[in-house]
$ cat query-v8.txt   # compact mmCIF, C-alpha atoms
# COMPACT_ATOMS: atom_id res chain seq x y z
CA MET A 27 -23.36 -11.80 -23.59
CA ALA A 28 -21.19 -12.30 -20.49
CA ALA A 29 -22.48 -10.85 -17.20
CA LYS A 30 -20.50 -7.95 -15.74
CA PRO A 31 -18.61 -8.72 -12.51
CA ILE A 32 -20.35 -7.41 -9.38
CA ARG A 33 -17.48 -4.98 -8.60
CA ASN A 34 -18.49 -2.97 -11.70
CA TYR A 35 -21.79 -2.12 -10.00
CA ILE A 36 -20.20 -0.80 -6.76
CA PRO A 37 -19.10 2.68 -8.06
CA PRO A 38 -22.51 3.61 -9.57
CA ALA A 39 -24.27 2.22 -6.47
CA LEU A 40 -22.10 4.39 -4.21
CA ILE A 41 -22.75 7.46 -6.38
CA ALA A 42 -26.50 6.82 -6.22
CA LEU A 43 -26.41 6.30 -2.44
CA ASN A 44 -24.41 9.53 -1.97
CA THR A 45 -26.88 11.45 -4.16
CA LEU A 46 -29.73 10.25 -1.95
CA LEU A 47 -27.81 11.24 1.20
CA VAL A 48 -27.05 14.72 -0.20
CA ALA A 49 -30.71 15.22 -1.15
CA GLU A 50 -31.85 14.18 2.34
CA ASN A 51 -29.24 16.39 4.04
CA TRP A 52 -30.17 19.35 1.80
CA TYR A 53 -33.84 18.87 2.66
CA LEU A 54 -33.14 18.71 6.41
CA ARG A 55 -30.51 21.47 6.53
CA PRO A 56 -31.17 23.95 3.68
CA GLN A 57 -29.00 26.58 5.42
CA SER A 58 -25.89 24.62 4.28
CA ALA A 59 -27.00 24.59 0.63
CA GLY A 60 -23.55 25.72 -0.58
CA ALA A 61 -21.82 22.69 0.94
CA TRP A 62 -24.40 20.24 -0.45
CA PHE A 63 -24.08 21.84 -3.90
CA VAL A 64 -20.30 21.30 -3.86
CA VAL A 65 -20.78 17.63 -2.91
CA LEU A 66 -23.33 17.29 -5.71
CA LEU A 67 -20.83 18.76 -8.21
CA LEU A 68 -18.26 16.22 -6.98
CA LEU A 69 -20.74 13.39 -7.54
CA ILE A 70 -21.48 14.66 -11.06
CA GLY A 71 -17.73 14.69 -11.74
CA MET A 72 -17.43 11.11 -10.49
CA THR A 73 -20.34 10.03 -12.73
CA LEU A 74 -18.75 11.70 -15.76
CA ALA A 75 -15.42 9.95 -15.05
CA LEU A 76 -17.23 6.62 -14.80
CA VAL A 77 -19.08 7.20 -18.09
CA LEU A 78 -15.86 8.24 -19.87
CA VAL A 79 -14.02 5.15 -18.61
CA SER A 80 -16.76 2.77 -19.74
CA ARG A 81 -16.88 4.39 -23.20
CA GLU A 82 -13.16 4.08 -23.84
CA PRO A 83 -12.08 2.10 -26.94
CA LYS A 84 -11.63 -1.62 -26.41
CA GLU A 85 -7.85 -1.81 -26.25
CA GLU A 86 -8.15 -4.37 -23.51
CA ALA A 87 -4.97 -3.99 -21.45
CA ALA A 88 -4.84 -0.20 -21.42
CA ARG A 89 -8.57 0.04 -20.72
CA ARG A 90 -8.43 -2.36 -17.79
CA ASP A 91 -5.63 -0.35 -16.17
CA THR A 92 -7.30 3.05 -16.52
CA GLY A 93 -10.78 1.75 -15.72
CA GLY A 94 -9.59 -0.16 -12.67
CA SER A 95 -7.78 2.80 -11.11
CA VAL A 96 -10.64 5.23 -11.83
CA ARG A 97 -13.19 2.80 -10.36
CA SER A 98 -11.12 2.18 -7.22
CA GLY A 99 -10.68 5.96 -6.78
CA ILE A 100 -14.44 6.43 -7.08
CA VAL A 101 -15.07 3.63 -4.56
CA THR A 102 -12.64 5.19 -2.04
CA ALA A 103 -14.10 8.70 -2.45
CA GLY A 104 -17.63 7.27 -2.42
CA LEU A 105 -17.04 5.40 0.85
CA ILE A 106 -15.58 8.52 2.51
CA LEU A 107 -18.62 10.54 1.38
CA VAL A 108 -21.11 7.86 2.46
CA ILE A 109 -19.70 7.78 5.99
CA SER A 110 -19.46 11.55 6.43
CA LEU A 111 -22.86 12.28 4.80
CA GLY A 112 -24.43 9.40 6.74
CA ALA A 113 -23.06 10.79 10.00
CA LYS A 114 -24.34 14.31 9.13
CA LEU A 115 -27.76 12.86 8.38
CA ALA A 116 -27.79 10.86 11.61
CA VAL A 117 -27.03 14.06 13.57
CA ALA A 118 -29.71 16.02 11.64
CA LEU A 119 -32.29 13.31 12.32
CA GLY A 120 -31.37 13.29 16.00
CA ALA A 121 -30.24 9.64 15.94
CA VAL A 122 -26.75 10.66 17.12
CA HIS A 123 -26.15 13.39 19.67
CA TYR A 124 -22.45 14.07 19.06
CA GLY A 125 -22.36 17.07 16.71
CA ASP A 126 -18.72 16.48 15.75
CA ILE A 127 -19.12 12.83 14.76
CA ALA A 128 -19.19 13.59 11.00
CA LEU A 129 -15.93 15.56 11.20
CA ARG A 130 -14.28 12.91 13.37
CA ALA A 131 -15.39 10.06 11.08
CA THR A 132 -14.24 11.87 7.93
CA MET A 133 -10.82 12.72 9.36
CA ALA A 134 -10.34 9.20 10.75
CA ILE A 135 -11.10 7.78 7.29
CA VAL A 136 -8.70 10.25 5.66
CA GLY A 137 -6.02 9.11 8.16
CA ALA A 138 -6.75 5.45 7.45
CA PHE A 139 -6.60 6.15 3.69
CA LEU A 140 -3.18 7.81 4.10
CA ALA A 141 -1.96 4.86 6.19
CA VAL A 142 -3.12 2.33 3.57
CA THR A 143 -1.56 4.37 0.75
CA GLY A 144 1.71 4.73 2.69
CA ASN A 145 1.74 1.01 3.38
CA ALA A 146 1.71 0.32 -0.38
CA ILE A 147 4.37 2.91 -1.40
CA PRO A 148 7.37 0.53 -1.08
CA LYS A 149 5.56 -2.07 -3.19
CA THR A 150 5.34 0.15 -6.30
CA LEU A 151 8.52 -0.57 -8.19
CA THR A 152 9.81 1.19 -11.31
CA PRO A 153 11.73 -1.05 -13.74
CA LEU A 154 15.49 -0.76 -13.16
CA ALA A 155 16.09 0.30 -16.77
CA ALA A 156 13.75 3.28 -16.32
CA LEU A 157 15.52 4.56 -13.18
CA HIS A 158 17.77 7.60 -13.50
CA CYS A 159 19.09 7.35 -9.93
CA ASP A 160 20.87 4.80 -7.79
CA PRO A 161 18.35 1.92 -7.26
CA ALA A 162 19.50 1.55 -3.64
CA LYS A 163 18.66 5.21 -2.95
CA VAL A 164 15.30 4.94 -4.71
CA GLN A 165 14.49 1.94 -2.53
CA ALA A 166 15.59 3.74 0.64
CA VAL A 167 13.46 6.78 -0.23
CA GLN A 168 10.40 4.64 -1.02
CA ARG A 169 10.75 2.67 2.22
CA LEU A 170 11.11 5.81 4.32
CA ALA A 171 8.18 7.53 2.54
CA GLY A 172 6.06 4.42 3.11
CA TRP A 173 6.85 4.35 6.83
CA ILE A 174 6.30 8.12 7.24
CA TRP A 175 2.87 8.10 5.54
CA ALA A 176 1.71 4.87 7.16
CA LEU A 177 2.61 6.13 10.65
CA ALA A 178 1.35 9.69 10.06
CA GLY A 179 -1.95 8.37 8.68
CA LEU A 180 -2.37 5.99 11.59
CA ALA A 181 -1.58 8.74 14.11
CA VAL A 182 -4.08 11.12 12.46
CA ALA A 183 -6.81 8.45 12.44
CA ILE A 184 -6.22 7.55 16.10
CA ALA A 185 -6.03 11.23 17.11
CA TRP A 186 -9.42 12.00 15.50
CA LEU A 187 -10.99 8.96 17.12
CA THR A 188 -9.67 9.51 20.63
CA LEU A 189 -8.44 13.08 21.32
CA PRO A 190 -10.46 16.27 21.86
CA ILE A 191 -11.12 18.09 18.56
CA ASN A 192 -8.66 20.96 19.17
CA LEU A 193 -5.85 18.55 20.03
CA ALA A 194 -6.62 16.31 17.05
CA GLU A 195 -6.59 19.39 14.78
CA ALA A 196 -3.24 20.53 16.17
CA MET A 197 -1.79 17.05 15.70
CA SER A 198 -3.00 16.85 12.09
CA PHE A 199 -1.57 20.31 11.32
CA LEU A 200 1.75 19.21 12.77
CA LEU A 201 1.96 15.69 11.32
CA LEU A 202 0.70 16.05 7.75
CA PRO A 203 2.79 19.09 6.66
CA SER A 204 5.85 17.47 8.32
CA ALA A 205 5.24 14.25 6.35
CA ILE A 206 4.93 16.27 3.12
CA LEU A 207 8.14 18.21 3.91
CA VAL A 208 10.14 15.06 4.62
CA THR A 209 8.87 13.32 1.47
CA VAL A 210 9.61 16.35 -0.75
CA GLY A 211 13.03 16.73 0.93
CA GLN A 212 13.82 13.11 0.15
CA ALA A 213 12.78 13.54 -3.49
CA VAL A 214 15.04 16.61 -3.83
CA TRP A 215 17.93 14.70 -2.23
CA LEU A 216 17.35 11.80 -4.63
CA ARG A 217 17.35 14.14 -7.63
CA ARG A 218 20.68 15.62 -6.58
CA ALA A 219 22.29 12.23 -5.93
CA LYS A 220 24.60 11.01 -8.68
CA PRO A 221 23.38 7.98 -10.64
CA SER A 222 25.42 4.82 -10.16
CA ALA A 223 25.40 1.46 -11.88
CA LEU A 224 24.05 -1.54 -9.99
CA MET B 21 -1.28 -13.58 3.48
CA ASN B 22 -0.59 -17.24 4.23
CA SER B 23 2.19 -17.24 1.64
CA VAL B 24 3.77 -14.24 3.40
CA PHE B 25 3.79 -16.06 6.76
CA LYS B 26 5.23 -19.14 5.07
CA ALA B 27 7.95 -17.04 3.41
CA LEU B 28 8.86 -15.32 6.68
CA SER B 29 9.01 -18.56 8.67
CA ASP B 30 12.42 -19.50 7.28
CA PRO B 31 15.60 -17.84 8.64
CA THR B 32 17.39 -18.05 5.28
CA ARG B 33 14.57 -16.24 3.54
CA ARG B 34 14.45 -13.64 6.33
CA ARG B 35 18.20 -13.08 5.89
CA VAL B 36 17.68 -12.64 2.13
CA LEU B 37 15.08 -9.96 2.86
CA GLN B 38 17.43 -8.26 5.31
CA LEU B 39 20.20 -8.19 2.70
CA LEU B 40 17.85 -6.78 0.10
CA ARG B 41 16.87 -3.99 2.48
CA LYS B 42 20.30 -2.42 1.84
CA ARG B 43 20.09 -2.51 -1.97
CA PRO B 44 18.91 -4.64 -4.91
CA MET B 45 21.27 -7.60 -5.45
CA SER B 46 21.91 -10.21 -8.09
CA ALA B 47 21.13 -13.88 -7.42
CA GLY B 48 24.87 -14.63 -7.27
CA GLU B 49 25.60 -11.86 -4.76
CA LEU B 50 22.83 -13.10 -2.52
CA SER B 51 23.88 -16.75 -2.79
CA ASP B 52 27.43 -15.81 -1.72
CA HIS B 53 26.10 -15.01 1.74
CA PHE B 54 24.81 -18.54 2.31
CA ALA B 55 26.39 -21.98 2.43
CA VAL B 56 23.44 -23.43 0.55
CA SER B 57 23.40 -24.88 -2.96
CA LYS B 58 22.14 -22.71 -5.84
CA PRO B 59 19.00 -24.80 -6.51
CA THR B 60 18.04 -24.48 -2.82
CA MET B 61 18.59 -20.73 -3.02
CA SER B 62 16.43 -20.53 -6.15
CA ALA B 63 13.71 -22.43 -4.29
CA HIS B 64 13.91 -19.84 -1.50
CA PHE B 65 13.81 -17.00 -4.07
CA SER B 66 10.72 -18.47 -5.71
CA VAL B 67 8.92 -18.77 -2.32
CA LEU B 68 9.70 -15.08 -1.65
CA GLN B 69 8.61 -14.12 -5.16
CA ASN B 70 5.34 -16.06 -4.88
CA ALA B 71 4.63 -14.25 -1.61
CA GLY B 72 5.18 -10.93 -3.41
CA LEU B 73 8.02 -9.92 -1.07
CA ILE B 74 10.70 -9.63 -3.73
CA GLU B 75 10.74 -8.98 -7.46
CA ALA B 76 13.14 -10.43 -9.99
CA GLU B 77 14.28 -8.40 -12.95
CA LYS B 78 16.60 -9.45 -15.75
CA ASN B 79 19.56 -7.12 -16.12
CA GLY B 80 21.64 -8.38 -19.04
CA ARG B 81 22.63 -11.93 -18.14
CA THR B 82 22.00 -11.63 -14.43
CA ILE B 83 18.79 -11.67 -12.44
CA VAL B 84 18.51 -8.78 -9.99
CA TYR B 85 16.28 -9.22 -6.95
CA ARG B 86 14.60 -6.20 -5.36
CA LEU B 87 12.68 -5.81 -2.13
CA LYS B 88 8.92 -5.45 -2.63
CA MET B 89 7.65 -5.31 0.96
CA SER B 90 4.85 -3.13 2.26
CA VAL B 91 5.22 -1.39 5.63
CA LEU B 92 3.00 -4.04 7.23
CA GLU B 93 5.11 -6.86 5.77
CA GLU B 94 8.28 -5.19 7.06
CA THR B 95 6.69 -5.02 10.50
CA LEU B 96 5.89 -8.73 10.24
CA LEU B 97 9.49 -9.43 9.24
CA ALA B 98 10.79 -7.50 12.26
CA PHE B 99 8.35 -9.38 14.49
CA ALA B 100 9.38 -12.74 13.01
CA GLN B 101 13.02 -11.79 13.51
CA THR B 102 12.44 -10.87 17.14
CA VAL B 103 10.21 -13.77 18.08
CA GLY B 104 11.98 -16.24 15.79
CA TRP B 105 9.44 -18.09 13.69
CA ASP B 106 11.75 -21.04 13.24
CA MET B 107 9.35 -23.85 14.07
CA LYS B 108 8.88 -25.11 10.55
CA ALA B 109 11.94 -23.47 9.08
CA GLN B 110 14.12 -26.57 8.87
CA GLY B 111 11.21 -28.57 7.44
CA GLY B 112 10.45 -25.83 4.91
CA ALA B 113 14.02 -25.57 3.70
CA ARG B 114 14.25 -29.35 3.55
CA ARG B 115 11.09 -29.51 1.46
CA ALA B 116 12.47 -26.80 -0.85
CA ALA B 117 15.72 -28.72 -1.16
CA LEU B 118 13.90 -31.99 -1.82
CA LYS B 119 11.88 -30.31 -4.57
CA SER B 120 15.06 -29.12 -6.24
CA GLY B 121 16.81 -32.46 -5.62
CA THR B 122 19.69 -31.15 -3.49
CA ARG B 123 21.00 -31.94 -0.01
CA LEU B 124 21.00 -29.33 2.72
CA ARG B 125 24.20 -28.10 4.27
CA PRO B 126 24.33 -26.18 7.56
CA LEU B 127 23.99 -22.39 7.33
CA LYS B 128 27.13 -20.25 7.39
CA GLN B 129 27.30 -18.18 10.57
CA GLU B 130 27.07 -14.50 9.76
CA GLY B 131 28.61 -11.77 11.88
$ encode --input "query-v8.txt" --output "structure tokens"
Amino acid sequence: MAAKPIRNYIPPALIALNTLLVAENWYLRPQSAGAWFVVLLLLIGMTLALVLVSREPKEEAARRDTGGSVRSGIVTAGLILVISLGAKLAVALGAVHYGDIALRATMAIVGAFLAVTGNAIPKTLTPLAALHCDPAKVQAVQRLAGWIWALAGLAVAIAWLTLPINLAEAMSFLLLPSAILVTVGQAVWLRRAKPSAL
Amino acid sequence: MNSVFKALSDPTRRRVLQLLRKRPMSAGELSDHFAVSKPTMSAHFSVLQNAGLIEAEKNGRTIVYRLKMSVLEETLLAFAQTVGWDMKAQGGARRAALKSGTRLRPLKQEG
């Protein structure tokens, strides 16, 4: 029997590590039981998704696609949780004296995640035959969306790492809804545009 | 990443990317912008494709090239354009031409 690649062990390892961190946090700060319970439910959901993916029928190509994207989603979410739960635990144990470090770390990671996702938007291409709009316009929209999300994500991450909390909050509330509005506006404009042959 | 730097180090390939920024184009349309033989152009296209900066798609009897650059790669392209990574460009194009067995002609000046 062939050995499984090491990347297959990363999602369950992250789930296990997060479970330990939640248990430790719950023990040290029982007054926030509601929050820890929600995180625990999220971890159970991630475990269920992982089990479902590994039990899928062996239609190789389809399975690899679904399994790969579910696993990478679990790894991303798991890393975000590990950092924020780790920071909370460090504060609770008195190892770190900045009370807002968990919030700052979580928001900076969310910003970095948005920047990385935005960076990849122009690289996801739909086959020309499947497009119902002008390919030039689709490309323009994807490029602009990529730039908007990459820059907004980067700005949010930097703001949460450097600015005072209230300023960082204000910046996030200004940047992220604006990025959503512009992206949705572009999609509506693209839908209204008449299709044209290449 | 090395293949991306290699692809961006040639002015012809950078110009191809700039043209594709406007819209997807067929191989013929792109070649019309350059005074370079078709095999040399195909060598340039394959370098760009191997770097994952463009994608080729068959549309009937023509091959349509589309831009496939991430935001970071576009930033690198703009940087290369500004700084002018031309050091190995002539050598790179010459190697591409040698591979395809054609002789290089000087580039057409574009407005």
$ interface_residues --input "query-v8.txt" --of "chain A" --to "chain B" --cutoff "6 Å" --atoms "all atoms listed in the file" --output "ChimeraX atom specification"
/A:145-146,148-149,162
$ residues_around --input "query-v8.txt" --residues "segment 91-107 of chain A" --least-positions-apart "5" --cutoff "6 Å" --atoms "all atoms listed in the file" --output "mmCIF file with C-alpha atoms, in the coordinates of the input"
data_model
loop_
_atom_site.group_PDB
_atom_site.id
_atom_site.type_symbol
_atom_site.label_atom_id
_atom_site.label_comp_id
_atom_site.auth_asym_id
_atom_site.auth_seq_id
_atom_site.Cartn_x
_atom_site.Cartn_y
_atom_site.Cartn_z
ATOM 1 C CA PRO A 37 -19.100 2.680 -8.060
ATOM 2 C CA LEU A 40 -22.100 4.390 -4.210
ATOM 3 C CA VAL A 79 -14.020 5.150 -18.610
#
$ atom_distance --input "query-v8.txt" --atom1 "atom CA of Ala176 of chain A" --atom2 "atom CA of Ala98 of chain B"
16.2 Å
$ residues_around --input "query-v8.txt" --residues "segment 66-78 of chain A" --least-positions-apart "4" --cutoff "8 Å" --atoms "only C-alpha atoms" --output "list in words"
Pro38, Ile41, Asn44, Thr45, Val48, Trp62, Glu82, Val96, Arg97 and Ile100 of chain A
$ residues_around --input "query-v8.txt" --residues "segment 119-134 of chain A" --least-positions-apart "6" --cutoff "6 Å" --atoms "all atoms listed in the file" --output "ChimeraX atom specification"
/A:110,113,183,186
$ residues_around --input "query-v8.txt" --residues "segment 199-216 of chain A" --least-positions-apart "5" --cutoff "9 Å" --atoms "only C-alpha atoms" --output "list in words"
Cys159, Asp160, Lys163, Val164, Val167, Leu170, Ala171, Ile174, Trp175, Ala178, Gly179, Ala181, Val182 and Ala194 of chain A
$ write_last_selection --input "query-v8.txt" --atoms "C-alpha atoms" --output "short mmCIF file (atom, residue, chain, number, x, y, z; two decimals), in the coordinates of the input"
data_model
loop_
_atom_site.label_atom_id
_atom_site.label_comp_id
_atom_site.auth_asym_id
_atom_site.auth_seq_id
_atom_site.Cartn_x
_atom_site.Cartn_y
_atom_site.Cartn_z
CA CYS A 159 19.09 7.35 -9.93
CA ASP A 160 20.87 4.80 -7.79
CA LYS A 163 18.66 5.21 -2.95
CA VAL A 164 15.30 4.94 -4.71
CA VAL A 167 13.46 6.78 -0.23
CA LEU A 170 11.11 5.81 4.32
CA ALA A 171 8.18 7.53 2.54
CA ILE A 174 6.30 8.12 7.24
CA TRP A 175 2.87 8.10 5.54
CA ALA A 178 1.35 9.69 10.06
CA GLY A 179 -1.95 8.37 8.68
CA ALA A 181 -1.58 8.74 14.11
CA VAL A 182 -4.08 11.12 12.46
CA ALA A 194 -6.62 16.31 17.05
#
$ atom_distance --input "query-v8.txt" --atom1 "atom CA of Gln168 of chain A" --atom2 "atom CA of Ile147 of chain A"
6.3 Å
$ build_atoms --input "query-v8.txt" --residues "segment 81-110 of chain B" --atoms "N, CA and C atoms" --output "short mmCIF file (atom, residue, chain, number, x, y, z; two decimals), in the frame of the given file"
data_model
loop_
_atom_site.label_atom_id
_atom_site.label_comp_id
_atom_site.auth_asym_id
_atom_site.auth_seq_id
_atom_site.Cartn_x
_atom_site.Cartn_y
_atom_site.Cartn_z
N ARG B 81 22.66 -10.47 -18.34
CA ARG B 81 22.63 -11.93 -18.14
C ARG B 81 22.36 -12.31 -16.69
N THR B 82 22.25 -11.32 -15.85
CA THR B 82 22.00 -11.63 -14.43
C THR B 82 20.55 -11.30 -14.04
N ILE B 83 20.11 -11.97 -12.97
CA ILE B 83 18.79 -11.67 -12.44
C ILE B 83 18.99 -10.83 -11.18
N VAL B 84 18.38 -9.67 -11.16
CA VAL B 84 18.51 -8.78 -9.99
C VAL B 84 17.24 -8.90 -9.16
N TYR B 85 17.42 -9.13 -7.85
CA TYR B 85 16.28 -9.22 -6.95
C TYR B 85 16.12 -7.90 -6.20
N ARG B 86 14.88 -7.44 -6.08
CA ARG B 86 14.60 -6.20 -5.36
C ARG B 86 13.54 -6.45 -4.30
N LEU B 87 13.66 -5.70 -3.23
CA LEU B 87 12.68 -5.81 -2.13
C LEU B 87 11.34 -5.23 -2.60
N LYS B 88 10.26 -5.95 -2.26
CA LYS B 88 8.92 -5.45 -2.63
C LYS B 88 7.99 -5.65 -1.43
N MET B 89 8.42 -5.09 -0.28
CA MET B 89 7.65 -5.31 0.96
C MET B 89 6.89 -4.06 1.37
N SER B 90 5.63 -4.25 1.73
CA SER B 90 4.85 -3.13 2.26
C SER B 90 5.31 -2.85 3.70
N VAL B 91 4.85 -1.74 4.25
CA VAL B 91 5.22 -1.39 5.63
C VAL B 91 4.75 -2.49 6.60
N LEU B 92 3.55 -2.99 6.36
CA LEU B 92 3.00 -4.04 7.23
C LEU B 92 3.85 -5.32 7.14
N GLU B 93 4.27 -5.67 5.94
CA GLU B 93 5.11 -6.86 5.77
C GLU B 93 6.47 -6.69 6.44
N GLU B 94 7.00 -5.45 6.37
CA GLU B 94 8.28 -5.19 7.06
C GLU B 94 8.11 -5.33 8.57
N THR B 95 6.96 -4.88 9.06
CA THR B 95 6.69 -5.02 10.50
C THR B 95 6.62 -6.50 10.86
N LEU B 96 5.97 -7.29 10.00
CA LEU B 96 5.89 -8.73 10.24
C LEU B 96 7.28 -9.37 10.23
N LEU B 97 8.12 -8.90 9.31
CA LEU B 97 9.49 -9.43 9.24
C LEU B 97 10.24 -9.13 10.54
N ALA B 98 10.11 -7.88 11.01
CA ALA B 98 10.79 -7.50 12.26
C ALA B 98 10.26 -8.34 13.42
N PHE B 99 8.96 -8.58 13.43
CA PHE B 99 8.35 -9.38 14.49
C PHE B 99 8.87 -10.83 14.42
N ALA B 100 8.90 -11.36 13.19
CA ALA B 100 9.38 -12.74 13.01
C ALA B 100 10.83 -12.86 13.45
N GLN B 101 11.61 -11.80 13.14
CA GLN B 101 13.02 -11.79 13.51
C GLN B 101 13.17 -11.78 15.03
N THR B 102 12.34 -11.00 15.68
CA THR B 102 12.44 -10.87 17.14
C THR B 102 11.96 -12.14 17.84
N VAL B 103 10.79 -12.60 17.41
CA VAL B 103 10.21 -13.77 18.08
C VAL B 103 10.90 -15.05 17.62
N GLY B 104 11.31 -15.06 16.34
CA GLY B 104 11.98 -16.24 15.79
C GLY B 104 10.99 -17.31 15.39
N TRP B 105 10.38 -17.10 14.21
CA TRP B 105 9.44 -18.09 13.69
C TRP B 105 10.21 -19.22 13.03
N ASP B 106 10.89 -20.02 13.84
CA ASP B 106 11.75 -21.04 13.24
C ASP B 106 11.14 -22.43 13.29
N MET B 107 9.91 -22.52 13.80
CA MET B 107 9.35 -23.85 14.07
C MET B 107 9.40 -24.77 12.86
N LYS B 108 8.95 -24.24 11.72
CA LYS B 108 8.88 -25.11 10.55
C LYS B 108 10.01 -24.80 9.57
N ALA B 109 10.93 -23.95 10.01
CA ALA B 109 11.94 -23.47 9.08
C ALA B 109 12.75 -24.62 8.48
N GLN B 110 13.27 -25.49 9.34
CA GLN B 110 14.12 -26.57 8.87
C GLN B 110 13.32 -27.46 7.90
#
